[in-house]
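Data from entry30.txt: compact mmCIF, C-alpha atoms
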# COMPACT_ATOMS: atom_id res chain seq x y z
CA MET A 1 -82.23 59.62 -111.33
CA ALA A 2 -81.47 62.56 -109.02
CA VAL A 3 -79.97 65.69 -110.55
CA LYS A 4 -76.29 66.12 -109.71
CA ALA A 5 -75.51 69.04 -112.02
CA VAL A 6 -77.33 71.99 -113.54
CA LEU A 7 -76.11 73.31 -116.88
CA PHE A 8 -77.07 76.88 -117.77
CA ASP A 9 -77.03 78.67 -121.07
CA LEU A 10 -75.87 82.28 -120.70
CA ASP A 11 -77.23 84.61 -123.39
CA GLY A 12 -80.96 84.99 -122.91
CA THR A 13 -80.90 82.63 -119.94
CA LEU A 14 -78.74 83.78 -117.04
CA LEU A 15 -78.06 87.00 -118.93
CA PRO A 16 -81.24 88.82 -120.00
CA MET A 17 -80.94 89.93 -123.61
CA ASP A 18 -82.39 90.09 -127.08
CA GLN A 19 -79.82 87.88 -128.81
CA ASP A 20 -80.22 89.44 -132.26
CA LEU A 21 -79.67 92.93 -130.84
CA PHE A 22 -76.69 91.74 -128.83
CA LEU A 23 -75.00 90.10 -131.83
CA LYS A 24 -75.64 93.14 -134.00
CA THR A 25 -74.06 95.35 -131.34
CA TYR A 26 -71.13 92.99 -130.76
CA PHE A 27 -70.28 92.58 -134.43
CA GLY A 28 -70.76 96.30 -134.98
CA LEU A 29 -68.34 97.24 -132.23
CA LEU A 30 -65.73 94.73 -133.37
CA THR A 31 -66.00 95.84 -137.00
CA GLU A 32 -65.75 99.49 -135.98
CA LYS A 33 -62.54 98.68 -134.08
CA MET A 34 -61.03 96.99 -137.12
CA VAL A 35 -62.06 99.70 -139.59
CA LYS A 36 -60.53 102.38 -137.35
CA SER A 37 -57.35 100.30 -137.34
CA GLY A 38 -57.23 100.34 -141.13
CA TYR A 39 -58.91 97.07 -142.12
CA GLU A 40 -61.50 96.94 -144.90
CA GLN A 41 -65.00 96.36 -143.53
CA LYS A 42 -66.50 93.92 -146.03
CA ASN A 43 -63.60 91.50 -146.08
CA PHE A 44 -63.33 91.58 -142.29
CA MET A 45 -67.03 90.77 -141.91
CA ARG A 46 -66.75 87.92 -144.43
CA ALA A 47 -63.80 86.50 -142.53
CA LEU A 48 -65.51 86.89 -139.15
CA LEU A 49 -68.75 85.23 -140.26
CA ALA A 50 -66.91 82.42 -142.04
CA GLY A 51 -64.82 81.74 -138.94
CA THR A 52 -67.93 81.71 -136.77
CA ASP A 53 -69.71 79.35 -139.14
CA ALA A 54 -66.69 77.04 -139.08
CA MET A 55 -66.93 76.81 -135.30
CA VAL A 56 -70.61 75.86 -135.52
CA LYS A 57 -69.66 73.08 -137.95
CA ASN A 58 -66.57 71.94 -136.04
CA ASP A 59 -66.17 68.15 -136.04
CA GLY A 60 -64.12 67.95 -132.85
CA LYS A 61 -60.70 67.40 -134.40
CA GLN A 62 -59.52 70.85 -133.29
CA SER A 63 -60.60 73.41 -130.74
CA ASN A 64 -63.10 76.01 -131.82
CA GLU A 65 -60.36 78.59 -131.36
CA ALA A 66 -58.06 76.79 -133.81
CA VAL A 67 -60.85 76.32 -136.35
CA PHE A 68 -61.87 79.97 -136.17
CA TRP A 69 -58.39 81.36 -136.74
CA GLN A 70 -57.63 78.88 -139.49
CA VAL A 71 -60.67 79.99 -141.50
CA PHE A 72 -60.47 83.67 -140.55
CA SER A 73 -56.81 83.85 -141.58
CA SER A 74 -57.57 82.37 -145.00
CA PHE A 75 -59.19 85.67 -146.00
CA TYR A 76 -55.90 87.56 -145.61
CA THR A 77 -52.31 87.36 -146.69
CA PRO A 78 -49.95 86.84 -143.73
CA GLU A 79 -48.81 90.45 -143.97
CA ALA A 80 -52.36 91.85 -143.97
CA LEU A 81 -53.83 89.65 -141.22
CA PRO A 82 -55.20 91.64 -138.25
CA PRO A 83 -53.01 90.81 -135.23
CA ILE A 84 -54.45 88.91 -132.28
CA SER A 85 -53.32 91.81 -130.08
CA LEU A 86 -55.94 93.98 -131.79
CA PHE A 87 -58.67 91.50 -130.85
CA ASP A 88 -57.29 91.36 -127.30
CA ALA A 89 -57.51 95.14 -127.10
CA PHE A 90 -61.11 95.02 -128.31
CA TYR A 91 -62.17 92.58 -125.59
CA ALA A 92 -60.25 94.53 -122.95
CA GLU A 93 -61.52 97.98 -123.92
CA ASP A 94 -64.60 97.88 -126.16
CA PHE A 95 -66.56 94.67 -125.56
CA ILE A 96 -67.91 96.04 -122.26
CA LYS A 97 -70.07 98.39 -124.34
CA THR A 98 -72.37 95.44 -125.10
CA ARG A 99 -73.59 95.88 -121.54
CA ALA A 100 -75.90 98.61 -122.84
CA VAL A 101 -78.06 96.08 -124.74
CA CYS A 102 -78.28 93.51 -121.92
CA GLY A 103 -80.88 93.56 -119.18
CA THR A 104 -80.55 93.52 -115.41
CA ASP A 105 -82.16 91.04 -113.04
CA ASP A 106 -81.15 89.74 -109.61
CA ARG A 107 -82.83 86.36 -110.10
CA PRO A 108 -80.05 84.71 -112.17
CA ARG A 109 -77.66 85.32 -109.28
CA ARG A 110 -80.19 83.85 -106.86
CA ILE A 111 -80.78 80.85 -109.12
CA VAL A 112 -77.06 80.05 -109.32
CA ASP A 113 -76.75 80.49 -105.54
CA ALA A 114 -79.62 78.05 -105.05
CA VAL A 115 -77.82 75.46 -107.19
CA LYS A 116 -74.64 75.85 -105.16
CA GLU A 117 -76.52 75.72 -101.85
CA LYS A 118 -77.90 72.35 -102.95
CA GLY A 119 -74.36 71.11 -103.41
CA LEU A 120 -74.92 70.52 -107.11
CA VAL A 121 -72.35 70.98 -109.87
CA CYS A 122 -72.97 74.27 -111.66
CA VAL A 123 -71.93 74.56 -115.30
CA LEU A 124 -72.15 77.48 -117.71
CA ALA A 125 -72.98 75.68 -120.96
CA THR A 126 -72.88 78.76 -123.15
CA ALA A 127 -72.23 78.72 -126.89
CA PRO A 128 -68.43 78.32 -127.11
CA ALA A 129 -67.90 80.76 -129.94
CA PHE A 130 -66.38 83.44 -127.69
CA PRO A 131 -62.96 83.68 -126.04
CA ALA A 132 -62.91 83.22 -122.29
CA VAL A 133 -62.50 86.94 -121.62
CA ALA A 134 -65.77 87.71 -123.44
CA THR A 135 -67.64 85.03 -121.52
CA GLN A 136 -66.23 86.27 -118.22
CA THR A 137 -67.27 89.82 -119.08
CA ARG A 138 -70.82 88.77 -119.95
CA MET A 139 -71.32 86.68 -116.82
CA GLY A 140 -70.17 89.71 -114.85
CA TYR A 141 -73.12 91.70 -116.19
CA VAL A 142 -75.38 89.75 -113.80
CA GLY A 143 -72.94 89.54 -110.90
CA LEU A 144 -71.53 86.11 -111.73
CA SER A 145 -67.89 85.08 -111.99
CA PRO A 146 -65.81 82.07 -113.09
CA ASP A 147 -65.72 80.93 -109.46
CA ASP A 148 -69.46 80.24 -109.65
CA PHE A 149 -68.97 77.44 -112.17
CA ALA A 150 -67.18 74.12 -112.21
CA LEU A 151 -66.86 74.63 -115.97
CA TYR A 152 -67.74 77.36 -118.43
CA THR A 153 -67.40 76.67 -122.13
CA THR A 154 -65.37 78.96 -124.40
CA TYR A 155 -63.83 78.67 -127.83
CA GLU A 156 -60.50 77.76 -126.19
CA ASN A 157 -61.77 74.70 -124.27
CA SER A 158 -64.43 73.36 -126.65
CA SER A 159 -64.30 71.39 -129.89
CA PHE A 160 -67.97 71.52 -130.84
CA CYS A 161 -70.77 74.10 -130.82
CA LYS A 162 -74.49 74.06 -130.19
CA PRO A 163 -76.73 72.55 -131.46
CA ASN A 164 -74.36 69.61 -132.06
CA VAL A 165 -75.18 66.94 -129.49
CA ASP A 166 -71.43 66.28 -129.25
CA TYR A 167 -71.08 69.66 -127.56
CA TYR A 168 -73.15 68.31 -124.68
CA ARG A 169 -71.28 65.00 -124.70
CA GLU A 170 -68.01 66.92 -124.38
CA VAL A 171 -69.34 68.90 -121.41
CA LEU A 172 -70.59 65.75 -119.66
CA GLU A 173 -67.26 64.03 -120.19
CA LYS A 174 -65.46 66.96 -118.55
CA ILE A 175 -67.69 66.94 -115.46
CA GLY A 176 -67.82 63.13 -115.29
CA LEU A 177 -71.59 62.72 -115.22
CA SER A 178 -74.17 60.89 -117.30
CA PRO A 179 -76.93 62.72 -119.18
CA THR A 180 -79.65 61.52 -116.80
CA GLU A 181 -77.80 63.10 -113.87
CA CYS A 182 -77.98 66.58 -115.42
CA LEU A 183 -80.53 69.34 -115.93
CA MET A 184 -80.02 71.67 -118.90
CA VAL A 185 -81.56 75.13 -118.61
CA GLY A 186 -81.79 77.33 -121.68
CA ASN A 187 -83.98 79.70 -123.67
CA ASP A 188 -83.35 78.32 -127.17
CA VAL A 189 -85.44 75.34 -128.27
CA SER A 190 -83.11 74.30 -131.09
CA ASP A 191 -79.77 74.93 -129.38
CA ASP A 192 -80.59 73.99 -125.79
CA MET A 193 -83.66 71.79 -125.53
CA GLU A 194 -83.58 69.51 -128.56
CA PRO A 195 -79.97 68.25 -128.36
CA ALA A 196 -79.89 68.01 -124.56
CA ALA A 197 -83.18 66.11 -124.42
CA ALA A 198 -82.08 63.84 -127.27
CA LEU A 199 -79.04 62.91 -125.21
CA GLY A 200 -81.24 62.00 -122.25
CA MET A 201 -80.75 65.08 -120.10
CA GLN A 202 -83.52 66.61 -118.08
CA VAL A 203 -84.37 70.06 -119.43
CA PHE A 204 -86.07 73.32 -118.51
CA LEU A 205 -86.97 75.92 -121.13
CA LEU A 206 -86.73 79.49 -119.85
CA THR A 207 -89.40 81.52 -121.61
CA ASP A 208 -88.51 85.09 -120.55
CA TYR A 209 -86.28 85.47 -123.61
CA LEU A 210 -87.55 82.53 -125.64
CA ILE A 211 -85.96 81.63 -128.99
CA ASN A 212 -88.08 79.19 -131.00
CA LYS A 213 -87.09 79.69 -134.63
CA LYS A 214 -88.80 76.51 -135.85
CA GLY A 215 -92.06 77.21 -134.01
CA ALA A 216 -91.83 73.95 -132.06
CA ASP A 217 -94.47 72.96 -129.53
CA ILE A 218 -92.81 74.00 -126.27
CA THR A 219 -95.34 72.16 -124.12
CA GLN A 220 -93.22 69.06 -124.62
CA TYR A 221 -90.61 70.63 -122.33
CA PRO A 222 -90.91 71.75 -118.71
CA HIS A 223 -90.88 75.52 -119.08
CA GLY A 224 -91.51 78.82 -117.35
CA ASN A 225 -89.98 82.11 -116.23
CA TYR A 226 -87.19 82.95 -113.78
CA ASP A 227 -89.48 82.53 -110.78
CA ASP A 228 -90.59 79.10 -111.98
CA LEU A 229 -86.97 78.09 -112.49
CA LEU A 230 -85.99 79.23 -109.01
CA CYS A 231 -88.81 77.17 -107.53
CA LEU A 232 -87.69 74.15 -109.55
CA ILE A 233 -84.10 74.45 -108.34
CA LYS A 234 -85.18 74.78 -104.72
CA ALA A 235 -87.31 71.65 -105.09
CA LEU A 236 -84.50 69.47 -106.46
Translate the structure of the given file into structure tokens.
Amino acid sequence: MAVKAVLFDLDGTLLPMDQDLFLKTYFGLLTEKMVKSGYEQKNFMRALLAGTDAMVKNDGKQSNEAVFWQVFSSFYTPEALPPISLFDAFYAEDFIKTRAVCGTDDRPRRIVDAVKEKGLVCVLATAPAFPAVATQTRMGYVGLSPDDFALYTTYENSSFCKPNVDYYREVLEKIGLSPTECLMVGNDVSDDMEPAAALGMQVFLLTDYLINKKGADITQYPHGNYDDLLCLIKAL
């Protein structure tokens, strides 16, 4: 069946990065913000990691946003809970510093343009563990914007996380397409390739910033670098 939509991962796919370095930097900046505001470091990190883990395990009954705050808040008394306004200030003022650990490349912009020129639906199927503002900031690092996508997943609009296959089902339901009508492009074998392929989606594994924690045989998936991906999109 012909491809009608291309779904892209963001971190390590459209946005060049070492994911471990990025997460270390991100969590470090956020923790620094909280410590400077008077919150104890260890408890904050425990709450943050527990909330993130809860999103990964979300069963779809609530949004990822609701699940995160429910678990995060359980580590504090109501009087001691860091206010959401402090997080908002972090994403408005400090999150942009993660730009320093992300790469630059003009090919992701060209790849997205090629998808749009084909008249295909373009989706940013990025791990929905971030608020929309953080996802918008990161896509901006490679010259992309919300207008480039029919849908981009965030913790506000998603009820599952990768690698749960239900994350992909939720995305497909929102864009109104079947798995066989979609191509999933990502750099993580476990999060992007395995669940998408299991659902029946066509897949492409980007190897420039490959994540293959289980050491899987990647020859089972169409794969290659940015140039290979651009050629594939143009040939659709």
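CA of Ala125 (chain A) lies 16.7 Å from CA of Tyr209 (chain A).
The residue that comes closest to Phe8 (chain A), out of A:Ser158, A:Pro179, A:Leu172, A:Cys122 and on the basis of all atoms listed in the file, is A:Cys122.
Closest approach to Thr154 (chain A) from the set A:Ala89, A:Met55, A:Ala216, A:Cys231 is made by A:Met55, with distances taken over all atoms listed in the file.
Between Gly51 (chain A) and the candidates A:Leu236, A:Ala66, A:Leu205, A:Leu210, the tightest atom-to-atom separation, counting all atoms listed in the file, involves A:Ala66.
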Hey, what's within 12 Å of Val101 (chain A) if we count all atoms listed in the file and toss same-chain stuff fewer than 4 positions away? As a PDB file with C-alpha atoms, keeping the file's coordinate frame, please?
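So out_33.pdb came out as:
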ATOM      1  CA  ASP A  11     -77.230  84.610-123.390  1.00  0.00           C
ATOM      2  CA  GLY A  12     -80.960  84.990-122.910  1.00  0.00           C
ATOM      3  CA  LEU A  15     -78.060  87.000-118.930  1.00  0.00           C
ATOM      4  CA  PRO A  16     -81.240  88.820-120.000  1.00  0.00           C
ATOM      5  CA  MET A  17     -80.940  89.930-123.610  1.00  0.00           C
ATOM      6  CA  ASP A  18     -82.390  90.090-127.080  1.00  0.00           C
ATOM      7  CA  GLN A  19     -79.820  87.880-128.810  1.00  0.00           C
ATOM      8  CA  ASP A  20     -80.220  89.440-132.260  1.00  0.00           C
ATOM      9  CA  LEU A  21     -79.670  92.930-130.840  1.00  0.00           C
ATOM     10  CA  PHE A  22     -76.690  91.740-128.830  1.00  0.00           C
ATOM     11  CA  LEU A  23     -75.000  90.100-131.830  1.00  0.00           C
ATOM     12  CA  LYS A  24     -75.640  93.140-134.000  1.00  0.00           C
ATOM     13  CA  THR A  25     -74.060  95.350-131.340  1.00  0.00           C
ATOM     14  CA  TYR A  26     -71.130  92.990-130.760  1.00  0.00           C
ATOM     15  CA  PHE A  95     -66.560  94.670-125.560  1.00  0.00           C
ATOM     16  CA  ILE A  96     -67.910  96.040-122.260  1.00  0.00           C
ATOM     17  CA  LYS A  97     -70.070  98.390-124.340  1.00  0.00           C
ATOM     18  CA  ARG A 138     -70.820  88.770-119.950  1.00  0.00           C
ATOM     19  CA  TYR A 141     -73.120  91.700-116.190  1.00  0.00           C
TER      20      TYR A 141
END
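Of note, CA of Thr207 (chain A) and CA of Leu7 (chain A) are spaced 16.3 Å apart.
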Which polymer residues have any atom within 12 Å of an atom of Glu40 (chain A), counting all atoms listed in the file, with same-chain residues fewer than 4 positions away left out, as number ranges by chain?
A: 31-36, 44-47, 75-76, 80-82
Dump C-alpha atoms for the selected residues as a PDB file, in the coordinates of the input?
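Written out: again-v1.pdb:
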ATOM      1  CA  THR A  31     -66.000  95.840-137.000  1.00  0.00           C
ATOM      2  CA  GLU A  32     -65.750  99.490-135.980  1.00  0.00           C
ATOM      3  CA  LYS A  33     -62.540  98.680-134.080  1.00  0.00           C
ATOM      4  CA  MET A  34     -61.030  96.990-137.120  1.00  0.00           C
ATOM      5  CA  VAL A  35     -62.060  99.700-139.590  1.00  0.00           C
ATOM      6  CA  LYS A  36     -60.530 102.380-137.350  1.00  0.00           C
ATOM      7  CA  PHE A  44     -63.330  91.580-142.290  1.00  0.00           C
ATOM      8  CA  MET A  45     -67.030  90.770-141.910  1.00  0.00           C
ATOM      9  CA  ARG A  46     -66.750  87.920-144.430  1.00  0.00           C
ATOM     10  CA  ALA A  47     -63.800  86.500-142.530  1.00  0.00           C
ATOM     11  CA  PHE A  75     -59.190  85.670-146.000  1.00  0.00           C
ATOM     12  CA  TYR A  76     -55.900  87.560-145.610  1.00  0.00           C
ATOM     13  CA  ALA A  80     -52.360  91.850-143.970  1.00  0.00           C
ATOM     14  CA  LEU A  81     -53.830  89.650-141.220  1.00  0.00           C
ATOM     15  CA  PRO A  82     -55.200  91.640-138.250  1.00  0.00           C
TER      16      PRO A  82
END
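Proximity of A:Asn225, A:Asn187, A:Thr153, A:Gln202 to Lys174 (chain A), computed with only C-alpha atoms, is greatest for A:Thr153.
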For Cys182 (chain A): contacts at 8 Å, all atoms listed in the file, fewer than 4 positions along chain excluded, given as a PyMOL selection string:
chain A and resi 3-7+177-178+201-202
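The residue that comes closest to Thr137 (chain A), out of A:Val56, A:Leu14, A:Ala92, A:Val115 and on the basis of all atoms listed in the file, is A:Ala92.
A straight line drawn from CA of Pro131 (chain A) to CA of Lys213 (chain A) is 25.9 Å long.
Using only C-alpha atoms, the smallest distance between any of A:Gln136, A:Thr13, A:Asn157, A:Gln70 and Thr104 (chain A) comes from A:Thr13.
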Axis-aligned box over every listed atom of region 141-154 of chain A, padded by 4 Å per side: centre and edges in Å to one decimal, as JSON?
{"center_x": -70.4, "center_y": 82.9, "center_z": -116.9, "size_x": 18.0, "size_y": 25.6, "size_z": 22.9}
If I only have part of region 210-227 of chain A, can you fill in N, CA, C and O atoms and write it as a compact mmCIF listing (two decimals), in the coordinates of the input?
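Output file result_31.txt is given in full below:
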# COMPACT_ATOMS: atom_id res chain seq x y z
N LEU A 210 -87.40 83.73 -124.84
CA LEU A 210 -87.55 82.53 -125.64
C LEU A 210 -87.08 82.72 -127.09
O LEU A 210 -87.40 83.71 -127.73
N ILE A 211 -86.32 81.72 -127.58
CA ILE A 211 -85.96 81.63 -128.99
C ILE A 211 -86.51 80.30 -129.50
O ILE A 211 -86.13 79.23 -129.01
N ASN A 212 -87.42 80.39 -130.46
CA ASN A 212 -88.08 79.19 -131.00
C ASN A 212 -88.25 79.38 -132.51
O ASN A 212 -89.34 79.57 -133.02
N LYS A 213 -87.11 79.34 -133.21
CA LYS A 213 -87.09 79.69 -134.63
C LYS A 213 -87.91 78.73 -135.49
O LYS A 213 -88.40 79.12 -136.54
N LYS A 214 -88.06 77.49 -135.06
CA LYS A 214 -88.80 76.51 -135.85
C LYS A 214 -90.28 76.44 -135.45
O LYS A 214 -91.04 75.68 -136.03
N GLY A 215 -90.68 77.23 -134.46
CA GLY A 215 -92.06 77.21 -134.01
C GLY A 215 -92.47 75.88 -133.39
O GLY A 215 -93.62 75.44 -133.53
N ALA A 216 -91.56 75.25 -132.67
CA ALA A 216 -91.83 73.95 -132.06
C ALA A 216 -92.86 74.08 -130.93
O ALA A 216 -93.03 75.16 -130.34
N ASP A 217 -93.52 73.00 -130.64
CA ASP A 217 -94.47 72.96 -129.53
C ASP A 217 -93.67 72.88 -128.23
O ASP A 217 -93.07 71.85 -127.91
N ILE A 218 -93.64 73.97 -127.48
CA ILE A 218 -92.81 74.00 -126.27
C ILE A 218 -93.46 73.29 -125.09
O ILE A 218 -92.80 73.10 -124.06
N THR A 219 -94.71 72.86 -125.23
CA THR A 219 -95.34 72.16 -124.12
C THR A 219 -94.72 70.79 -123.87
O THR A 219 -94.96 70.18 -122.83
N GLN A 220 -93.90 70.33 -124.81
CA GLN A 220 -93.22 69.06 -124.62
C GLN A 220 -92.07 69.16 -123.61
O GLN A 220 -91.52 68.15 -123.18
N TYR A 221 -91.71 70.40 -123.26
CA TYR A 221 -90.61 70.63 -122.33
C TYR A 221 -91.14 71.31 -121.05
O TYR A 221 -91.98 72.20 -121.14
N PRO A 222 -90.62 70.94 -119.89
CA PRO A 222 -90.91 71.75 -118.71
C PRO A 222 -90.44 73.18 -118.99
O PRO A 222 -89.33 73.37 -119.51
N HIS A 223 -91.25 74.17 -118.70
CA HIS A 223 -90.88 75.52 -119.08
C HIS A 223 -91.51 76.53 -118.12
O HIS A 223 -92.43 76.22 -117.37
N GLY A 224 -90.98 77.76 -118.18
CA GLY A 224 -91.51 78.82 -117.35
C GLY A 224 -90.53 79.98 -117.27
O GLY A 224 -89.54 80.03 -118.01
N ASN A 225 -90.81 80.92 -116.35
CA ASN A 225 -89.98 82.11 -116.23
C ASN A 225 -88.94 81.94 -115.13
O ASN A 225 -88.77 80.86 -114.56
N TYR A 226 -88.23 83.01 -114.81
CA TYR A 226 -87.19 82.95 -113.78
C TYR A 226 -87.73 82.46 -112.43
O TYR A 226 -87.09 81.67 -111.74
N ASP A 227 -88.91 82.93 -112.06
CA ASP A 227 -89.48 82.53 -110.78
C ASP A 227 -89.80 81.04 -110.77
O ASP A 227 -89.56 80.35 -109.76
